[in-house]
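So this one's target25.cif, mmCIF, N, CA and C atoms and all ligand atoms:
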```
data_upload
loop_
_atom_site.label_atom_id
_atom_site.label_comp_id
_atom_site.auth_asym_id
_atom_site.auth_seq_id
_atom_site.Cartn_x
_atom_site.Cartn_y
_atom_site.Cartn_z
N MET Y 108 15.97 -8.65 -9.57
CA MET Y 108 15.01 -7.71 -10.16
C MET Y 108 15.63 -7.05 -11.38
N THR Y 109 15.66 -5.73 -11.38
CA THR Y 109 16.25 -5.03 -12.51
C THR Y 109 17.75 -4.91 -12.32
N SER Y 110 18.48 -5.01 -13.39
CA SER Y 110 19.92 -4.83 -13.31
C SER Y 110 20.25 -3.40 -13.67
N LEU Y 111 20.79 -2.68 -12.70
CA LEU Y 111 21.13 -1.28 -12.91
C LEU Y 111 22.64 -1.14 -12.95
N ILE Y 112 23.06 -0.05 -13.50
CA ILE Y 112 24.49 0.23 -13.58
C ILE Y 112 24.76 1.56 -12.91
N CYS Y 113 25.77 1.60 -12.08
CA CYS Y 113 26.14 2.82 -11.39
C CYS Y 113 26.54 3.89 -12.40
N PRO Y 114 25.88 5.07 -12.33
CA PRO Y 114 26.22 6.15 -13.28
C PRO Y 114 27.60 6.75 -12.99
N ASN Y 115 28.14 6.44 -11.84
CA ASN Y 115 29.42 7.02 -11.44
C ASN Y 115 30.60 6.16 -11.91
N CYS Y 116 30.52 4.85 -11.66
CA CYS Y 116 31.67 4.00 -11.99
C CYS Y 116 31.31 2.84 -12.92
N GLY Y 117 30.03 2.66 -13.23
CA GLY Y 117 29.65 1.61 -14.15
C GLY Y 117 29.53 0.24 -13.53
N SER Y 118 29.63 0.16 -12.22
CA SER Y 118 29.52 -1.13 -11.55
C SER Y 118 28.09 -1.64 -11.58
N GLU Y 119 27.92 -2.95 -11.64
CA GLU Y 119 26.58 -3.54 -11.60
C GLU Y 119 26.19 -3.97 -10.20
N HIS Y 120 27.06 -3.72 -9.24
CA HIS Y 120 26.75 -4.11 -7.85
C HIS Y 120 25.97 -2.98 -7.20
N ILE Y 121 24.67 -3.04 -7.36
CA ILE Y 121 23.81 -1.96 -6.90
C ILE Y 121 22.92 -2.47 -5.78
N ARG Y 122 22.82 -1.66 -4.75
CA ARG Y 122 21.95 -2.00 -3.63
C ARG Y 122 20.73 -1.09 -3.67
N ILE Y 123 19.53 -1.69 -3.53
CA ILE Y 123 18.30 -0.91 -3.53
C ILE Y 123 17.89 -0.64 -2.09
N LYS Y 124 17.67 0.60 -1.76
CA LYS Y 124 17.37 0.95 -0.36
C LYS Y 124 15.91 0.70 -0.01
N ASN Y 125 15.01 1.24 -0.86
CA ASN Y 125 13.55 1.06 -0.63
C ASN Y 125 13.12 1.51 0.76
N ILE Y 126 13.71 2.57 1.25
CA ILE Y 126 13.38 3.02 2.61
C ILE Y 126 11.93 3.45 2.70
N ALA Y 127 11.53 4.35 1.80
CA ALA Y 127 10.16 4.87 1.85
C ALA Y 127 9.15 3.78 1.53
N ARG Y 128 9.55 2.85 0.66
CA ARG Y 128 8.63 1.77 0.29
C ARG Y 128 8.29 0.92 1.52
N LYS Y 129 9.31 0.55 2.28
CA LYS Y 129 9.07 -0.25 3.48
C LYS Y 129 8.30 0.55 4.52
N THR Y 130 8.73 1.81 4.72
CA THR Y 130 8.04 2.65 5.70
C THR Y 130 6.59 2.86 5.29
N GLY Y 131 6.40 3.16 4.00
CA GLY Y 131 5.05 3.41 3.51
C GLY Y 131 4.17 2.18 3.67
N GLY Y 132 4.73 1.01 3.43
CA GLY Y 132 3.95 -0.21 3.58
C GLY Y 132 3.51 -0.42 5.02
N ALA Y 133 4.43 -0.15 5.96
CA ALA Y 133 4.10 -0.32 7.38
C ALA Y 133 3.04 0.69 7.80
N ILE Y 134 3.26 1.96 7.41
CA ILE Y 134 2.29 3.00 7.77
C ILE Y 134 0.94 2.71 7.13
N GLY Y 135 0.99 2.31 5.86
CA GLY Y 135 -0.25 2.02 5.14
C GLY Y 135 -1.02 0.88 5.77
N THR Y 136 -0.29 -0.14 6.26
CA THR Y 136 -0.96 -1.27 6.89
C THR Y 136 -1.70 -0.82 8.15
N VAL Y 137 -1.03 0.01 8.95
CA VAL Y 137 -1.65 0.50 10.18
C VAL Y 137 -2.84 1.40 9.85
N ALA Y 138 -2.60 2.36 8.94
CA ALA Y 138 -3.66 3.29 8.57
C ALA Y 138 -4.81 2.55 7.91
N GLY Y 139 -4.47 1.59 7.04
CA GLY Y 139 -5.51 0.82 6.37
C GLY Y 139 -6.28 -0.02 7.37
N GLY Y 140 -5.58 -0.57 8.37
CA GLY Y 140 -6.26 -1.34 9.40
C GLY Y 140 -7.23 -0.47 10.17
N ALA Y 141 -6.82 0.77 10.44
CA ALA Y 141 -7.68 1.70 11.16
C ALA Y 141 -8.91 2.04 10.32
N SER Y 142 -8.67 2.38 9.05
CA SER Y 142 -9.80 2.68 8.18
C SER Y 142 -10.59 1.41 7.90
N GLY Y 143 -9.92 0.26 8.05
CA GLY Y 143 -10.61 -1.01 7.87
C GLY Y 143 -11.65 -1.27 8.94
N ILE Y 144 -11.56 -0.53 10.06
CA ILE Y 144 -12.56 -0.68 11.11
C ILE Y 144 -13.93 -0.32 10.56
N ALA Y 145 -13.96 0.75 9.76
CA ALA Y 145 -15.22 1.13 9.13
C ALA Y 145 -15.70 0.00 8.23
N GLY Y 146 -14.74 -0.58 7.47
CA GLY Y 146 -15.09 -1.70 6.62
C GLY Y 146 -15.53 -2.90 7.44
N ALA Y 147 -14.92 -3.07 8.61
CA ALA Y 147 -15.27 -4.19 9.47
C ALA Y 147 -16.69 -4.03 10.00
N MET Y 148 -17.06 -2.77 10.30
CA MET Y 148 -18.42 -2.52 10.80
C MET Y 148 -19.45 -2.87 9.74
N SER Y 149 -19.25 -2.36 8.52
CA SER Y 149 -20.20 -2.65 7.46
C SER Y 149 -20.12 -4.12 7.08
N GLY Y 150 -18.91 -4.69 7.17
CA GLY Y 150 -18.77 -6.11 6.90
C GLY Y 150 -19.54 -6.95 7.90
N ALA Y 151 -19.47 -6.54 9.16
CA ALA Y 151 -20.20 -7.26 10.21
C ALA Y 151 -21.70 -7.17 9.96
N ARG Y 152 -22.13 -5.97 9.55
CA ARG Y 152 -23.55 -5.78 9.29
C ARG Y 152 -24.01 -6.68 8.14
N LEU Y 153 -23.19 -6.69 7.07
CA LEU Y 153 -23.53 -7.52 5.92
C LEU Y 153 -23.50 -8.99 6.32
N GLY Y 154 -22.46 -9.36 7.08
CA GLY Y 154 -22.36 -10.75 7.52
C GLY Y 154 -23.55 -11.15 8.38
N PHE Y 155 -24.01 -10.21 9.19
CA PHE Y 155 -25.17 -10.49 10.04
C PHE Y 155 -26.40 -10.76 9.18
N LEU Y 156 -26.60 -9.91 8.16
CA LEU Y 156 -27.77 -10.07 7.30
C LEU Y 156 -27.72 -11.39 6.55
N VAL Y 157 -26.50 -11.75 6.10
CA VAL Y 157 -26.39 -13.02 5.38
C VAL Y 157 -26.58 -14.18 6.34
N GLY Y 158 -25.92 -14.06 7.51
CA GLY Y 158 -25.94 -15.18 8.44
C GLY Y 158 -27.27 -15.36 9.14
N VAL Y 159 -28.07 -14.29 9.25
CA VAL Y 159 -29.31 -14.37 10.02
C VAL Y 159 -30.31 -15.32 9.37
N THR Y 160 -30.17 -15.55 8.07
CA THR Y 160 -31.04 -16.53 7.42
C THR Y 160 -30.78 -17.93 7.94
N ALA Y 161 -29.58 -18.15 8.51
CA ALA Y 161 -29.23 -19.46 9.07
C ALA Y 161 -29.50 -19.50 10.57
N GLY Y 162 -30.14 -18.47 11.10
CA GLY Y 162 -30.46 -18.49 12.53
C GLY Y 162 -29.48 -17.65 13.33
N PRO Y 163 -29.68 -17.61 14.66
CA PRO Y 163 -28.86 -16.77 15.54
C PRO Y 163 -27.37 -17.10 15.46
N VAL Y 164 -27.05 -18.39 15.39
CA VAL Y 164 -25.64 -18.79 15.29
C VAL Y 164 -25.04 -18.27 13.99
N GLY Y 165 -25.82 -18.40 12.93
CA GLY Y 165 -25.35 -17.92 11.63
C GLY Y 165 -25.13 -16.42 11.64
N ALA Y 166 -26.02 -15.70 12.31
CA ALA Y 166 -25.87 -14.25 12.38
C ALA Y 166 -24.60 -13.87 13.11
N PHE Y 167 -24.32 -14.59 14.21
CA PHE Y 167 -23.10 -14.32 14.99
C PHE Y 167 -21.86 -14.62 14.16
N ALA Y 168 -21.84 -15.81 13.54
CA ALA Y 168 -20.69 -16.21 12.72
C ALA Y 168 -20.53 -15.27 11.54
N GLY Y 169 -21.66 -14.87 10.95
CA GLY Y 169 -21.60 -13.97 9.82
C GLY Y 169 -21.03 -12.63 10.20
N SER Y 170 -21.40 -12.13 11.38
CA SER Y 170 -20.88 -10.85 11.85
C SER Y 170 -19.37 -10.93 12.04
N LEU Y 171 -18.90 -12.02 12.68
CA LEU Y 171 -17.47 -12.19 12.90
C LEU Y 171 -16.71 -12.26 11.58
N ALA Y 172 -17.22 -13.07 10.67
CA ALA Y 172 -16.55 -13.24 9.38
C ALA Y 172 -16.51 -11.92 8.63
N GLY Y 173 -17.63 -11.20 8.65
CA GLY Y 173 -17.69 -9.92 7.94
C GLY Y 173 -16.73 -8.92 8.53
N ALA Y 174 -16.64 -8.87 9.87
CA ALA Y 174 -15.74 -7.93 10.52
C ALA Y 174 -14.30 -8.27 10.20
N ALA Y 175 -13.96 -9.57 10.25
CA ALA Y 175 -12.58 -9.98 9.97
C ALA Y 175 -12.21 -9.64 8.54
N LEU Y 176 -13.11 -9.93 7.61
CA LEU Y 176 -12.83 -9.64 6.21
C LEU Y 176 -12.66 -8.14 5.99
N GLY Y 177 -13.52 -7.34 6.62
CA GLY Y 177 -13.43 -5.89 6.45
C GLY Y 177 -12.10 -5.37 6.97
N GLY Y 178 -11.67 -5.85 8.15
CA GLY Y 178 -10.41 -5.39 8.72
C GLY Y 178 -9.23 -5.80 7.88
N ILE Y 179 -9.23 -7.06 7.43
CA ILE Y 179 -8.12 -7.55 6.61
C ILE Y 179 -8.06 -6.79 5.30
N PHE Y 180 -9.23 -6.55 4.71
CA PHE Y 180 -9.27 -5.85 3.44
C PHE Y 180 -8.71 -4.43 3.59
N GLY Y 181 -9.11 -3.76 4.67
CA GLY Y 181 -8.62 -2.40 4.90
C GLY Y 181 -7.11 -2.38 5.06
N ALA Y 182 -6.57 -3.32 5.82
CA ALA Y 182 -5.12 -3.37 6.03
C ALA Y 182 -4.40 -3.67 4.73
N ALA Y 183 -4.96 -4.58 3.94
CA ALA Y 183 -4.31 -4.95 2.69
C ALA Y 183 -4.30 -3.77 1.72
N VAL Y 184 -5.43 -3.07 1.62
CA VAL Y 184 -5.50 -1.92 0.73
C VAL Y 184 -4.56 -0.83 1.21
N GLY Y 185 -4.55 -0.60 2.53
CA GLY Y 185 -3.66 0.42 3.08
C GLY Y 185 -2.21 0.10 2.82
N CYS Y 186 -1.84 -1.16 2.99
CA CYS Y 186 -0.46 -1.57 2.74
C CYS Y 186 -0.11 -1.34 1.28
N GLU Y 187 -1.01 -1.69 0.39
CA GLU Y 187 -0.74 -1.55 -1.03
C GLU Y 187 -0.56 -0.09 -1.41
N VAL Y 188 -1.45 0.77 -0.87
CA VAL Y 188 -1.34 2.20 -1.14
C VAL Y 188 -0.02 2.74 -0.58
N GLY Y 189 0.31 2.31 0.66
CA GLY Y 189 1.54 2.78 1.28
C GLY Y 189 2.77 2.37 0.50
N VAL Y 190 2.79 1.14 0.02
CA VAL Y 190 3.92 0.66 -0.77
C VAL Y 190 4.02 1.42 -2.08
N THR Y 191 2.85 1.68 -2.70
CA THR Y 191 2.84 2.39 -3.97
C THR Y 191 3.37 3.81 -3.80
N VAL Y 192 2.85 4.50 -2.79
CA VAL Y 192 3.29 5.87 -2.54
C VAL Y 192 4.76 5.87 -2.13
N GLY Y 193 5.12 4.96 -1.22
CA GLY Y 193 6.52 4.87 -0.79
C GLY Y 193 7.44 4.57 -1.95
N GLY Y 194 7.01 3.71 -2.85
CA GLY Y 194 7.82 3.38 -4.01
C GLY Y 194 8.04 4.59 -4.90
N MET Y 195 7.01 5.43 -5.01
CA MET Y 195 7.15 6.66 -5.80
C MET Y 195 8.18 7.57 -5.16
N VAL Y 196 8.10 7.67 -3.81
CA VAL Y 196 9.06 8.52 -3.10
C VAL Y 196 10.46 7.97 -3.31
N ASP Y 197 10.59 6.66 -3.17
CA ASP Y 197 11.89 6.03 -3.37
C ASP Y 197 12.43 6.30 -4.77
N ASP Y 198 11.56 6.09 -5.76
CA ASP Y 198 12.01 6.13 -7.15
C ASP Y 198 12.28 7.55 -7.63
N HIS Y 199 11.56 8.51 -7.10
CA HIS Y 199 11.60 9.83 -7.72
C HIS Y 199 12.09 10.94 -6.79
N LEU Y 200 11.99 10.73 -5.50
CA LEU Y 200 12.41 11.80 -4.59
C LEU Y 200 13.70 11.46 -3.87
N LEU Y 201 13.88 10.19 -3.54
CA LEU Y 201 15.09 9.80 -2.82
C LEU Y 201 16.10 9.20 -3.80
N GLU Y 202 17.33 9.15 -3.34
CA GLU Y 202 18.33 8.40 -4.09
C GLU Y 202 18.25 6.96 -3.61
N ASN Y 203 17.44 6.20 -4.35
CA ASN Y 203 17.03 4.88 -3.86
C ASN Y 203 18.10 3.82 -4.07
N TYR Y 204 19.09 4.11 -4.92
CA TYR Y 204 20.08 3.09 -5.24
C TYR Y 204 21.46 3.52 -4.76
N ALA Y 205 22.18 2.56 -4.25
CA ALA Y 205 23.53 2.82 -3.78
C ALA Y 205 24.48 1.85 -4.44
N CYS Y 206 25.59 2.37 -4.95
CA CYS Y 206 26.60 1.51 -5.57
C CYS Y 206 27.45 0.89 -4.47
N ILE Y 207 27.55 -0.43 -4.51
CA ILE Y 207 28.36 -1.12 -3.50
C ILE Y 207 29.85 -0.89 -3.77
N THR Y 208 30.20 -0.73 -5.03
CA THR Y 208 31.60 -0.62 -5.39
C THR Y 208 32.20 0.73 -4.98
N CYS Y 209 31.50 1.82 -5.30
CA CYS Y 209 32.07 3.14 -5.04
C CYS Y 209 31.28 3.93 -4.01
N GLY Y 210 30.12 3.41 -3.58
CA GLY Y 210 29.35 4.09 -2.54
C GLY Y 210 28.49 5.22 -3.06
N HIS Y 211 28.43 5.41 -4.35
CA HIS Y 211 27.64 6.51 -4.93
C HIS Y 211 26.16 6.19 -4.81
N SER Y 212 25.39 7.16 -4.28
CA SER Y 212 23.93 7.02 -4.22
C SER Y 212 23.32 7.76 -5.39
N PHE Y 213 22.33 7.16 -6.00
CA PHE Y 213 21.71 7.81 -7.15
C PHE Y 213 20.26 7.42 -7.24
N GLY Y 214 19.48 8.28 -7.91
CA GLY Y 214 18.05 8.04 -8.08
C GLY Y 214 17.80 7.23 -9.34
N ARG Y 215 16.57 6.80 -9.46
CA ARG Y 215 16.19 5.96 -10.59
C ARG Y 215 16.34 6.70 -11.91
N ASN Y 216 16.05 8.00 -11.87
CA ASN Y 216 16.09 8.78 -13.11
C ASN Y 216 17.49 8.82 -13.71
N GLU Y 217 18.50 8.70 -12.85
CA GLU Y 217 19.86 8.72 -13.35
C GLU Y 217 20.22 7.42 -14.04
N ALA Y 218 19.66 6.32 -13.51
CA ALA Y 218 20.06 5.01 -14.00
C ALA Y 218 19.15 4.50 -15.11
N MET Y 219 17.88 4.85 -15.05
CA MET Y 219 16.93 4.34 -16.04
C MET Y 219 16.16 5.51 -16.64
N GLU Y 220 15.45 5.23 -17.72
CA GLU Y 220 14.68 6.29 -18.33
C GLU Y 220 13.44 6.58 -17.47
N PRO Y 221 13.13 7.84 -17.24
CA PRO Y 221 11.92 8.16 -16.48
C PRO Y 221 10.69 7.86 -17.33
N GLY Y 222 9.50 7.95 -16.74
CA GLY Y 222 8.29 7.71 -17.50
C GLY Y 222 7.26 6.93 -16.71
N ALA Y 223 7.69 6.32 -15.61
CA ALA Y 223 6.75 5.54 -14.80
C ALA Y 223 5.96 6.42 -13.85
N MET Y 224 6.34 7.70 -13.79
CA MET Y 224 5.70 8.60 -12.82
C MET Y 224 4.21 8.70 -13.06
N GLY Y 225 3.80 8.97 -14.30
CA GLY Y 225 2.38 9.14 -14.60
C GLY Y 225 1.59 7.90 -14.26
N GLN Y 226 2.14 6.75 -14.60
CA GLN Y 226 1.46 5.49 -14.31
C GLN Y 226 1.32 5.30 -12.81
N ALA Y 227 2.37 5.63 -12.05
CA ALA Y 227 2.33 5.46 -10.61
C ALA Y 227 1.27 6.37 -10.00
N VAL Y 228 1.17 7.60 -10.50
CA VAL Y 228 0.17 8.52 -9.99
C VAL Y 228 -1.22 7.96 -10.24
N LEU Y 229 -1.42 7.41 -11.44
CA LEU Y 229 -2.72 6.81 -11.75
C LEU Y 229 -3.02 5.67 -10.80
N ASN Y 230 -2.02 4.85 -10.53
CA ASN Y 230 -2.22 3.72 -9.63
C ASN Y 230 -2.64 4.21 -8.25
N VAL Y 231 -1.96 5.23 -7.76
CA VAL Y 231 -2.27 5.73 -6.42
C VAL Y 231 -3.67 6.31 -6.41
N ALA Y 232 -4.00 7.11 -7.42
CA ALA Y 232 -5.33 7.72 -7.48
C ALA Y 232 -6.39 6.64 -7.51
N HIS Y 233 -6.12 5.59 -8.26
CA HIS Y 233 -7.09 4.50 -8.35
C HIS Y 233 -7.20 3.76 -7.03
N ALA Y 234 -6.05 3.50 -6.43
CA ALA Y 234 -6.04 2.67 -5.22
C ALA Y 234 -6.67 3.41 -4.04
N SER Y 235 -6.51 4.74 -4.00
CA SER Y 235 -7.01 5.48 -2.86
C SER Y 235 -8.46 5.92 -3.06
N ALA Y 236 -9.00 5.68 -4.23
CA ALA Y 236 -10.35 6.14 -4.53
C ALA Y 236 -11.41 5.55 -3.61
N PRO Y 237 -11.35 4.23 -3.32
CA PRO Y 237 -12.42 3.66 -2.48
C PRO Y 237 -12.40 4.20 -1.06
N GLU Y 238 -11.26 4.69 -0.63
CA GLU Y 238 -11.16 5.18 0.74
C GLU Y 238 -11.54 6.66 0.78
N SER Y 239 -12.61 6.97 1.47
CA SER Y 239 -13.03 8.36 1.60
C SER Y 239 -13.37 8.63 3.06
N PRO Y 240 -12.35 9.00 3.84
CA PRO Y 240 -12.56 9.20 5.29
C PRO Y 240 -13.62 10.24 5.59
N LYS Y 241 -13.72 11.28 4.77
CA LYS Y 241 -14.66 12.35 5.06
C LYS Y 241 -16.10 11.86 4.97
N SER Y 242 -16.39 11.08 3.92
CA SER Y 242 -17.76 10.58 3.77
C SER Y 242 -18.07 9.60 4.89
N ASN Y 243 -17.06 8.87 5.35
CA ASN Y 243 -17.28 7.96 6.48
C ASN Y 243 -17.58 8.74 7.74
N ALA Y 244 -16.87 9.87 7.90
CA ALA Y 244 -17.04 10.63 9.14
C ALA Y 244 -18.43 11.25 9.21
N THR Y 245 -18.94 11.68 8.06
CA THR Y 245 -20.23 12.34 8.06
C THR Y 245 -21.37 11.35 8.09
N LYS Y 246 -21.08 10.08 7.79
CA LYS Y 246 -22.13 9.07 7.78
C LYS Y 246 -22.57 8.74 9.21
N ARG Y 247 -23.86 8.53 9.37
CA ARG Y 247 -24.32 8.16 10.70
C ARG Y 247 -24.69 6.68 10.76
ZN ZN A 301 29.74 3.08 -8.46
#
```

So that I can check it, write out the structure of this file as structure tokens.
Ligand SMILES: [Zn+2]
Amino acid sequence: MTSLICPNCGSEHIRIKNIARKTGGAIGTVAGGASGIAGAMSGARLGFLVGVTAGPVGAFAGSLAGAALGGIFGAAVGCEVGVTVGGMVDDHLLENYACITCGHSFGRNEAMEPGAMGQAVLNVAHASAPESPKSNATKR
């Protein structure tokens, strides 16, 4: 990936921890899968409407396909949001890089020029926009 240099000793042997990124991805997948249930319900409904033109079998198959797609989509979106948010935590809040040579831990801002923060915030805002748990909860 990127070649970083230890700000302490100048070594290029840098280890990336990505703790929050991995954790965020896992949490996001679970949370997205859960919120994907709502997507699965509407997906099943849509699949039913599409499939019903092909008869009862089509309606059943359409419901299954719609539910599966909705669940997968929710998990994928959740994972992406979790990785994005986790990556921000890694890059800006944690000391995400560790020097193998001297053991010094340092954040991205020390090793590289900052500036990706605004873009990352935009990405998160964009990615989380389609998910609105409150509107789902109030919907009947
Ligand atoms: Zn070092």

Calculate how many Å separate CA of Cys186 in chain Y from CA of Asn125 in chain Y, rounding to one decimal.
14.6 Å

Contacts of ligand ZN 301 (chain A), 12 Å or closer, only C-alpha atoms and all ligand atoms, given as a ChimeraX atom specification:
/Y:111-122,204-213,218

Would you mind reading off the distance between CA of Ser170 in chain Y and atom C of Gly132 in chain Y, one decimal, in Å?
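Straight-line distance from CA of Ser170 in chain Y to atom C of Gly132 in chain Y works out to 27.4 Å.
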
Give the answer as one residue: which of Y:Gly154, Y:Gly173, Y:Gly193, Y:Gly185 has the shortest atom-to-atom distance to Gly135 in chain Y, using all atoms listed in the file?
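Of all the options, Y:Gly185 lies closest to Gly135 in chain Y.
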
Which protein, DNA or RNA residues are at most 6.5 Å from (2.2, 1.9, 4.5) in the file's coordinates when you count only N, CA and C atoms, listed as a ChimeraX atom specification?
/Y:129-137,185-190

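The interatomic distance for the pair atom C of Ala166 in chain Y and atom N of Ala138 in chain Y works out to 27.7 Å.
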
Taking into account only C-alpha atoms, which residue in the set Y:Gly139, Y:Gly158, Y:Pro163, Y:Gly194 is nearest to Gly177 in chain Y?
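The closest residue to Gly177 in chain Y is Y:Gly139.
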
Minimum-distance residue to Thr191 in chain Y, chosen among Y:Ser110, Y:Ala175, Y:Leu156, Y:Arg128 (using only C-alpha atoms):
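Using only C-alpha atoms, Thr191 in chain Y sits closest to Y:Arg128.
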
Which residue is closest to Arg152 in chain Y? Choose from Y:Ala174, Y:Ile179, Y:Ile123, Y:Met195 and count only C-alpha atoms.
Y:Ala174

Which residue gives the smallest distance to Gly150 in chain Y among Y:Val196, Y:Leu201, Y:Ile126, Y:Leu176, with only N, CA and C atoms counted?
Y:Leu176
